[in-house]
Amino acid sequence: GVLGNRDPVASAVGEIVAHADWYDFDAKYAEGGMELIVPARLPNGITARVQELATASFVATDCEGMARVDFFVLPGGEVVVNELNTIPGFTSTSVYAKLFEASGIGYAELLDRLIALALERHERRRALAY
């Protein structure tokens, strides 16, 4: 998970373990279809690389507010960006919220921060002259 506007921060890194051959709709949304492990079972160097690439991807694509960046970690430790989701699921049980909860930012505080970021963005854009 990434949170911020101009100076984004990455959450703790999570690992999704599907309880099926494929991480399909049922594995993602059905009760017991997957398990989210936070922190991910990765060496510290790989975890730091995932967080670095998450914020770099967020900045490179001019995101603001929130995004979830998904990765594959290949055998040998290569980290590959899979997807940048600019509108991730956002309930108290969604992966994004769980990642920030594990990072010490509970759901209510996360909502407050997102609202503050939206207001800051609005004020900044309102001041632009076209």
# chains A, B, ... in the order shown; residues from 1 in each chain; ligands from 1
call {"tool": "residues_around", "arguments": {"residues": "Ala20 in chain A", "least_positions_apart": "3", "cutoff": "12 Å", "atoms": "only C-alpha atoms", "output": "tab-separated table (two decimals) with all heavy atoms, in the first residue's frame"}}
result
chain	number	residue	atom	x	y	z
A	16	ILE	N	0.16	-12.59	-0.23
A	16	ILE	CA	-1.11	-13.28	-0.42
A	16	ILE	C	-0.84	-14.74	-0.75
A	16	ILE	O	-0.08	-15.04	-1.67
A	16	ILE	CB	-1.93	-12.61	-1.53
A	16	ILE	CG1	-2.38	-11.22	-1.06
A	16	ILE	CG2	-3.12	-13.47	-1.93
A	16	ILE	CD1	-3.12	-10.42	-2.08
A	17	VAL	N	-1.46	-15.61	0.02
A	17	VAL	CA	-1.35	-17.04	-0.22
A	17	VAL	C	-2.75	-17.52	-0.60
A	17	VAL	O	-3.66	-17.52	0.23
A	17	VAL	CB	-0.84	-17.79	1.03
A	17	VAL	CG1	-0.81	-19.29	0.78
A	17	VAL	CG2	0.51	-17.26	1.46
A	23	TYR	N	-5.32	-17.57	-8.25
A	23	TYR	CA	-5.84	-16.48	-7.44
A	23	TYR	C	-6.95	-15.81	-8.24
A	23	TYR	O	-6.80	-14.75	-8.82
A	23	TYR	CB	-4.73	-15.50	-7.09
A	23	TYR	CG	-5.14	-14.43	-6.09
A	23	TYR	CD1	-5.70	-14.76	-4.87
A	23	TYR	CD2	-4.95	-13.09	-6.38
A	23	TYR	CE1	-6.07	-13.78	-3.96
A	23	TYR	CE2	-5.31	-12.10	-5.48
A	23	TYR	CZ	-5.87	-12.46	-4.27
A	23	TYR	OH	-6.24	-11.48	-3.38
A	24	ASP	N	-8.11	-16.49	-8.28
A	24	ASP	CA	-9.24	-16.02	-9.07
A	24	ASP	C	-10.24	-15.30	-8.16
A	24	ASP	O	-9.95	-15.02	-6.98
A	24	ASP	CB	-9.90	-17.19	-9.80
A	24	ASP	CG	-10.40	-18.28	-8.86
A	24	ASP	OD1	-10.43	-18.08	-7.64
A	24	ASP	OD2	-10.77	-19.35	-9.38
A	25	PHE	N	-11.40	-14.98	-8.69
A	25	PHE	CA	-12.41	-14.24	-7.94
A	25	PHE	C	-12.76	-14.93	-6.63
A	25	PHE	O	-12.82	-14.30	-5.58
A	25	PHE	CB	-13.67	-14.06	-8.81
A	25	PHE	CG	-14.73	-13.22	-8.14
A	25	PHE	CD1	-14.73	-11.84	-8.27
A	25	PHE	CD2	-15.73	-13.81	-7.37
A	25	PHE	CE1	-15.69	-11.06	-7.65
A	25	PHE	CE2	-16.70	-13.03	-6.74
A	25	PHE	CZ	-16.67	-11.65	-6.88
A	26	ASP	N	-12.98	-16.24	-6.68
A	26	ASP	CA	-13.35	-16.96	-5.47
A	26	ASP	C	-12.21	-16.97	-4.45
A	26	ASP	O	-12.44	-16.78	-3.25
A	26	ASP	CB	-13.76	-18.40	-5.79
A	26	ASP	CG	-15.11	-18.47	-6.48
A	26	ASP	OD1	-15.93	-17.55	-6.28
A	26	ASP	OD2	-15.34	-19.44	-7.22
A	27	ALA	N	-10.99	-17.15	-4.92
A	27	ALA	CA	-9.85	-17.15	-4.00
A	27	ALA	C	-9.70	-15.78	-3.35
A	27	ALA	O	-9.35	-15.67	-2.17
A	27	ALA	CB	-8.58	-17.53	-4.75
A	28	LYS	N	-10.01	-14.73	-4.11
A	28	LYS	CA	-9.84	-13.37	-3.60
A	28	LYS	C	-10.96	-12.96	-2.65
A	28	LYS	O	-10.71	-12.32	-1.63
A	28	LYS	CB	-9.78	-12.40	-4.78
A	28	LYS	CG	-9.43	-10.99	-4.39
A	28	LYS	CD	-9.21	-10.13	-5.63
A	28	LYS	CE	-8.78	-8.74	-5.26
A	28	LYS	NZ	-8.52	-7.90	-6.43
A	30	ALA	N	-13.99	-15.04	-1.61
A	30	ALA	CA	-14.72	-16.03	-0.80
A	30	ALA	C	-14.03	-16.23	0.54
A	30	ALA	O	-12.79	-16.17	0.63
A	30	ALA	CB	-14.82	-17.35	-1.55
A	32	GLY	N	-12.10	-17.67	3.33
A	32	GLY	CA	-11.10	-18.74	3.35
A	32	GLY	C	-10.40	-18.97	2.02
A	32	GLY	O	-9.63	-19.91	1.88
A	33	GLY	N	-10.65	-18.11	1.03
A	33	GLY	CA	-10.04	-18.29	-0.29
A	33	GLY	C	-8.57	-17.91	-0.35
A	33	GLY	O	-7.84	-18.37	-1.22
A	34	MET	N	-8.16	-17.06	0.58
A	34	MET	CA	-6.76	-16.65	0.63
A	34	MET	C	-6.40	-16.24	2.04
A	34	MET	O	-7.25	-16.02	2.90
A	34	MET	CB	-6.47	-15.51	-0.34
A	34	MET	CG	-7.12	-14.18	0.00
A	34	MET	SD	-6.08	-13.17	1.05
A	34	MET	CE	-6.61	-11.54	0.57
A	35	GLU	N	-5.12	-16.16	2.26
A	35	GLU	CA	-4.59	-15.71	3.54
A	35	GLU	C	-3.62	-14.56	3.27
A	35	GLU	O	-2.81	-14.63	2.35
A	35	GLU	CB	-3.85	-16.87	4.21
A	35	GLU	CG	-3.18	-16.53	5.51
A	35	GLU	CD	-2.42	-17.72	6.08
A	35	GLU	OE1	-2.37	-18.80	5.45
A	35	GLU	OE2	-1.87	-17.56	7.17
call {"tool": "residues_around", "arguments": {"residues": "Thr61 in chain A", "least_positions_apart": "4", "cutoff": "12 Å", "atoms": "only C-alpha atoms", "output": "list in words"}}
result
Asn5, Leu53, Ala54, Thr55, Ala56, Ser57, Ala67, Val69, Glu83, Leu84, Asn85 and Thr86 of chain A
call {"tool": "write_last_selection", "arguments": {"atoms": "N, CA and C atoms", "output": "tab-separated table (two decimals), in the first residue's frame"}}
result
chain	number	residue	atom	x	y	z
A	5	ASN	N	0.73	12.22	-1.19
A	5	ASN	CA	0.65	13.01	-2.41
A	5	ASN	C	2.06	13.21	-2.94
A	53	LEU	N	10.20	0.28	-4.66
A	53	LEU	CA	9.54	0.22	-5.97
A	53	LEU	C	8.08	0.65	-5.90
A	54	ALA	N	7.43	0.37	-4.78
A	54	ALA	CA	6.02	0.78	-4.62
A	54	ALA	C	5.92	2.30	-4.67
A	55	THR	N	6.75	2.99	-3.89
A	55	THR	CA	6.67	4.45	-3.89
A	55	THR	C	7.18	5.03	-5.21
A	56	ALA	N	8.20	4.43	-5.80
A	56	ALA	CA	8.72	4.91	-7.08
A	56	ALA	C	7.67	4.75	-8.18
A	57	SER	N	6.93	3.65	-8.18
A	57	SER	CA	5.86	3.42	-9.16
A	57	SER	C	4.75	4.44	-8.97
A	67	ALA	N	-2.82	4.05	-3.36
A	67	ALA	CA	-2.71	3.01	-4.39
A	67	ALA	C	-2.20	1.75	-3.71
A	69	VAL	N	0.22	-1.38	-4.84
A	69	VAL	CA	1.12	-1.85	-5.88
A	69	VAL	C	1.39	-3.32	-5.61
A	83	GLU	N	1.19	-4.81	-10.95
A	83	GLU	CA	0.03	-3.96	-11.17
A	83	GLU	C	0.04	-2.82	-10.17
A	84	LEU	N	-0.40	-1.66	-10.63
A	84	LEU	CA	-0.61	-0.53	-9.74
A	84	LEU	C	-2.11	-0.27	-9.74
A	85	ASN	N	-2.74	-0.48	-8.59
A	85	ASN	CA	-4.18	-0.37	-8.47
A	85	ASN	C	-4.49	0.95	-7.77
A	86	THR	N	-4.99	1.93	-8.53
A	86	THR	CA	-5.23	3.26	-7.99
A	86	THR	C	-6.55	3.37	-7.23
call {"tool": "closest_residue", "arguments": {"among": "A:Ala60, A:Arg124, A:Ala12, A:Tyr29", "to": "Gly89 in chain A", "atoms": "only C-alpha atoms"}}
result
A:Tyr29
call {"tool": "residues_around", "arguments": {"residues": "Ser11 in chain A", "least_positions_apart": "6", "cutoff": "6 Å", "atoms": "only C-alpha atoms", "output": "ChimeraX atom specification"}}
result
/A:1,99-100,103
call {"tool": "residues_around", "arguments": {"residues": "range 105-118 of chain A", "least_positions_apart": "6", "cutoff": "10 Å", "atoms": "only C-alpha atoms", "output": "list in words"}}
result
Leu3, Gly4, Asn5, Arg6, Ser11, Glu64, Gly65, Met66, Phe90, Thr91, Ser92, Thr93, Tyr96, Ala97, Lys98, Leu99 and Arg124 of chain A
call {"tool": "closest_residue", "arguments": {"among": "A:Ser94, A:Leu42, A:Ile37, A:Phe58", "to": "Gly76 in chain A", "atoms": "only C-alpha atoms"}}
result
A:Leu42
